[in-house]
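Since the structure comes first, as structure tokens, the remarks are kept for the end.
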Amino acid sequence: MSLPHLSSADLLKSLVDCGRQFYERHWMEGTAGNLSVKLKQAPLEIAITPSGASKGSLKTQDLILLKHTPAGLRPPVKQGQTPVMPSAETAIHQAIHETLPGCGAVFHVHPVHATLMSGLFGNPKQRQMLQLEWIEMMKGIGIGEGEIAEIPIFPNWQDIPRVAQEVRQYLLQTPKAPPVILIYNHGLTAWGRTPEQARNHLEIVDYICQYFCWKRVVGRN
Ligand SMILES: [Zn+2]
């Protein structure tokens, strides 16, 4: 599947815009979360938000370009400059971008309800599949009426390459998986062909998680 043509400048601007929107929605409190766009599939090139910075006030020059090298995804290092640190969770972005050629943007955020759902239904030591009763909004992440809605919840290994490897294996085994994963007591990651589609997927899963949290509160489930 080819990606829609968006210029690199448009893609970088969309990362900054999404960071501001998600920060204002309280999905990226403190310096949490990380957002990336794919600039090239092979060899992989992505732009990603920096580690330890608020995503509410980023500028395009704050974003970090990473290119595939024999040592992994690395920023170009210019002589005399201190290398900037990419997101701590770059390995997870890399796993999704590399495994899914049709993926153009990967967004990882910490909405309260999605994090609650990951803790209520996840397991700290092994992947769980969250199975949910179908609701209309699930159409927006490709789950039609009558289909089983399943979203994986991965353990929150502090060894992030281990999380990335488990995500990669899951995507290879489940190529038609919905474009979303949860990490136990941690947060939500969604992706799409474009930044706009990835943002839509985040919004839909946030809605779904709010819906099922509230359903528990009102005593129906
Ligand atoms: Zn996170």
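Note on naming: chains are A, B, ... as they come in the structure tokens, residues start from 1 per chain, ligands start from 1 in the order shown.
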
What's around segment 134-150 of chain A at 12 Å? Count only C-alpha atoms, leave out sequence neighbours fewer than 6 positions away in its own chain, and write the answer as a list in words.
Phe121, Gln128, Thr174, Lys176, Ala177, Pro178, Pro179, Val180, Ile181, Leu182, Ala190, Trp191, Gly192, Gln197, Ala198, Arg199, Asn200, His201, Leu202, Glu203, Ile204, Val205, Asp206, Tyr207, Ile208, Cys209, Gln210, Tyr211 and Phe212 of chain A

Running DSSP on the backbone, which parts of segment 36-97 of chain A land in alpha helix (DSSP H), as an MDAnalysis selection string?
chainID A and resid 90:97

Please save N, CA, C and O atoms of the selected residues as a PDB file, in the first residue's frame.
```pdb
ATOM      1  N   THR A  90      11.255   5.118  21.081  1.00  0.00           N
ATOM      2  CA  THR A  90      11.473   5.069  19.633  1.00  0.00           C
ATOM      3  C   THR A  90      11.385   3.643  19.089  1.00  0.00           C
ATOM      4  O   THR A  90      10.874   3.426  17.984  1.00  0.00           O
ATOM      5  N   ALA A  91      11.856   2.663  19.861  1.00  0.00           N
ATOM      6  CA  ALA A  91      11.893   1.284  19.355  1.00  0.00           C
ATOM      7  C   ALA A  91      10.494   0.783  19.013  1.00  0.00           C
ATOM      8  O   ALA A  91      10.324  -0.002  18.070  1.00  0.00           O
ATOM      9  N   ILE A  92       9.486   1.236  19.763  1.00  0.00           N
ATOM     10  CA  ILE A  92       8.113   0.793  19.479  1.00  0.00           C
ATOM     11  C   ILE A  92       7.624   1.434  18.175  1.00  0.00           C
ATOM     12  O   ILE A  92       7.003   0.779  17.330  1.00  0.00           O
ATOM     13  N   HIS A  93       7.933   2.716  17.989  1.00  0.00           N
ATOM     14  CA  HIS A  93       7.574   3.387  16.732  1.00  0.00           C
ATOM     15  C   HIS A  93       8.240   2.667  15.558  1.00  0.00           C
ATOM     16  O   HIS A  93       7.623   2.427  14.520  1.00  0.00           O
ATOM     17  N   GLN A  94       9.525   2.360  15.730  1.00  0.00           N
ATOM     18  CA  GLN A  94      10.268   1.698  14.657  1.00  0.00           C
ATOM     19  C   GLN A  94       9.615   0.360  14.302  1.00  0.00           C
ATOM     20  O   GLN A  94       9.452   0.039  13.117  1.00  0.00           O
ATOM     21  N   ALA A  95       9.230  -0.404  15.321  1.00  0.00           N
ATOM     22  CA  ALA A  95       8.627  -1.720  15.064  1.00  0.00           C
ATOM     23  C   ALA A  95       7.350  -1.573  14.237  1.00  0.00           C
ATOM     24  O   ALA A  95       7.110  -2.341  13.294  1.00  0.00           O
ATOM     25  N   ILE A  96       6.527  -0.581  14.558  1.00  0.00           N
ATOM     26  CA  ILE A  96       5.252  -0.404  13.840  1.00  0.00           C
ATOM     27  C   ILE A  96       5.521   0.119  12.426  1.00  0.00           C
ATOM     28  O   ILE A  96       4.980  -0.405  11.442  1.00  0.00           O
ATOM     29  N   HIS A  97       6.367   1.129  12.302  1.00  0.00           N
ATOM     30  CA  HIS A  97       6.649   1.689  10.962  1.00  0.00           C
ATOM     31  C   HIS A  97       7.271   0.629  10.045  1.00  0.00           C
ATOM     32  O   HIS A  97       6.932   0.544   8.863  1.00  0.00           O
TER      33      HIS A  97
END
```

So, with only C-alpha atoms as the atoms that count, which of A:Asn185, A:Gln131, A:Asn156, A:Gln81 lies closest to His113 of chain A?
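Selected residue with least distance to His113 of chain A: A:Asn185.
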
List all protein, DNA and RNA residues that have an atom no more than 7 Å from any atom of ligand 1, counting only C-alpha atoms and all ligand atoms, and report them as a list of chain:residue names.
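The residues near ligand 1 are A:Ala32, A:Gly33, A:His108, A:Val109, A:His110, A:His186, A:Gly187.
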
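Distance annotation: of A:Leu12, A:Met117, A:Leu132, A:Val106, the residue with the minimal separation from Leu65 of chain A is A:Leu12; atom set is only C-alpha atoms.
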
I'd like the interatomic distance between atom CA of Pro152 of chain A and atom CA of Leu100 of chain A, to a tenth of an Å.
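That distance, rounded to one decimal, is 16.7 Å.
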
If we count only C-alpha atoms and set the cut-off at 7 Å, which residues sit around Ala105 of chain A, ignoring sequence neighbours fewer than 2 positions away in its own chain? Please answer as a PDB file with N, CA, C and O atoms, in the first residue's frame.
```
ATOM      1  N   SER A  36       5.296  10.191  16.006  1.00  0.00           N
ATOM      2  CA  SER A  36       6.252  10.101  14.896  1.00  0.00           C
ATOM      3  C   SER A  36       5.519  10.043  13.561  1.00  0.00           C
ATOM      4  O   SER A  36       4.353   9.633  13.494  1.00  0.00           O
ATOM      5  N   VAL A  37       6.219  10.471  12.528  1.00  0.00           N
ATOM      6  CA  VAL A  37       5.739  10.292  11.150  1.00  0.00           C
ATOM      7  C   VAL A  37       6.839   9.623  10.346  1.00  0.00           C
ATOM      8  O   VAL A  37       8.027   9.799  10.623  1.00  0.00           O
ATOM      9  N   LYS A  38       6.404   8.856   9.344  1.00  0.00           N
ATOM     10  CA  LYS A  38       7.359   8.185   8.466  1.00  0.00           C
ATOM     11  C   LYS A  38       7.696   9.107   7.290  1.00  0.00           C
ATOM     12  O   LYS A  38       6.788   9.613   6.631  1.00  0.00           O
ATOM     13  N   CYS A 103       1.663   2.276   7.086  1.00  0.00           N
ATOM     14  CA  CYS A 103       1.565   3.171   8.247  1.00  0.00           C
ATOM     15  C   CYS A 103       2.426   4.408   8.014  1.00  0.00           C
ATOM     16  O   CYS A 103       3.616   4.293   7.726  1.00  0.00           O
ATOM     17  N   PHE A 107       1.213   7.418  16.937  1.00  0.00           N
ATOM     18  CA  PHE A 107       1.016   8.360  18.051  1.00  0.00           C
ATOM     19  C   PHE A 107       0.842   7.583  19.349  1.00  0.00           C
ATOM     20  O   PHE A 107      -0.041   6.712  19.445  1.00  0.00           O
ATOM     21  N   TRP A 191      -2.117   4.162  15.110  1.00  0.00           N
ATOM     22  CA  TRP A 191      -1.412   4.574  13.906  1.00  0.00           C
ATOM     23  C   TRP A 191      -2.384   4.679  12.747  1.00  0.00           C
ATOM     24  O   TRP A 191      -3.548   4.271  12.839  1.00  0.00           O
ATOM     25  N   GLY A 192      -1.888   5.250  11.647  1.00  0.00           N
ATOM     26  CA  GLY A 192      -2.726   5.405  10.464  1.00  0.00           C
ATOM     27  C   GLY A 192      -1.862   5.735   9.268  1.00  0.00           C
ATOM     28  O   GLY A 192      -0.652   5.946   9.378  1.00  0.00           O
ATOM     29  N   ARG A 193      -2.518   5.799   8.086  1.00  0.00           N
ATOM     30  CA  ARG A 193      -1.765   6.116   6.860  1.00  0.00           C
ATOM     31  C   ARG A 193      -1.261   7.542   6.895  1.00  0.00           C
ATOM     32  O   ARG A 193      -0.228   7.857   6.314  1.00  0.00           O
ATOM     33  N   THR A 194      -2.027   8.421   7.521  1.00  0.00           N
ATOM     34  CA  THR A 194      -1.647   9.828   7.627  1.00  0.00           C
ATOM     35  C   THR A 194      -1.745  10.255   9.092  1.00  0.00           C
ATOM     36  O   THR A 194      -2.407   9.582   9.895  1.00  0.00           O
ATOM     37  N   PRO A 195      -1.126  11.392   9.440  1.00  0.00           N
ATOM     38  CA  PRO A 195      -1.304  11.891  10.813  1.00  0.00           C
ATOM     39  C   PRO A 195      -2.777  12.095  11.156  1.00  0.00           C
ATOM     40  O   PRO A 195      -3.204  11.813  12.276  1.00  0.00           O
ATOM     41  N   ALA A 198      -4.298   8.718  11.995  1.00  0.00           N
ATOM     42  CA  ALA A 198      -3.807   8.239  13.297  1.00  0.00           C
ATOM     43  C   ALA A 198      -4.499   8.998  14.431  1.00  0.00           C
ATOM     44  O   ALA A 198      -4.870   8.414  15.454  1.00  0.00           O
TER      45      ALA A 198
END
```
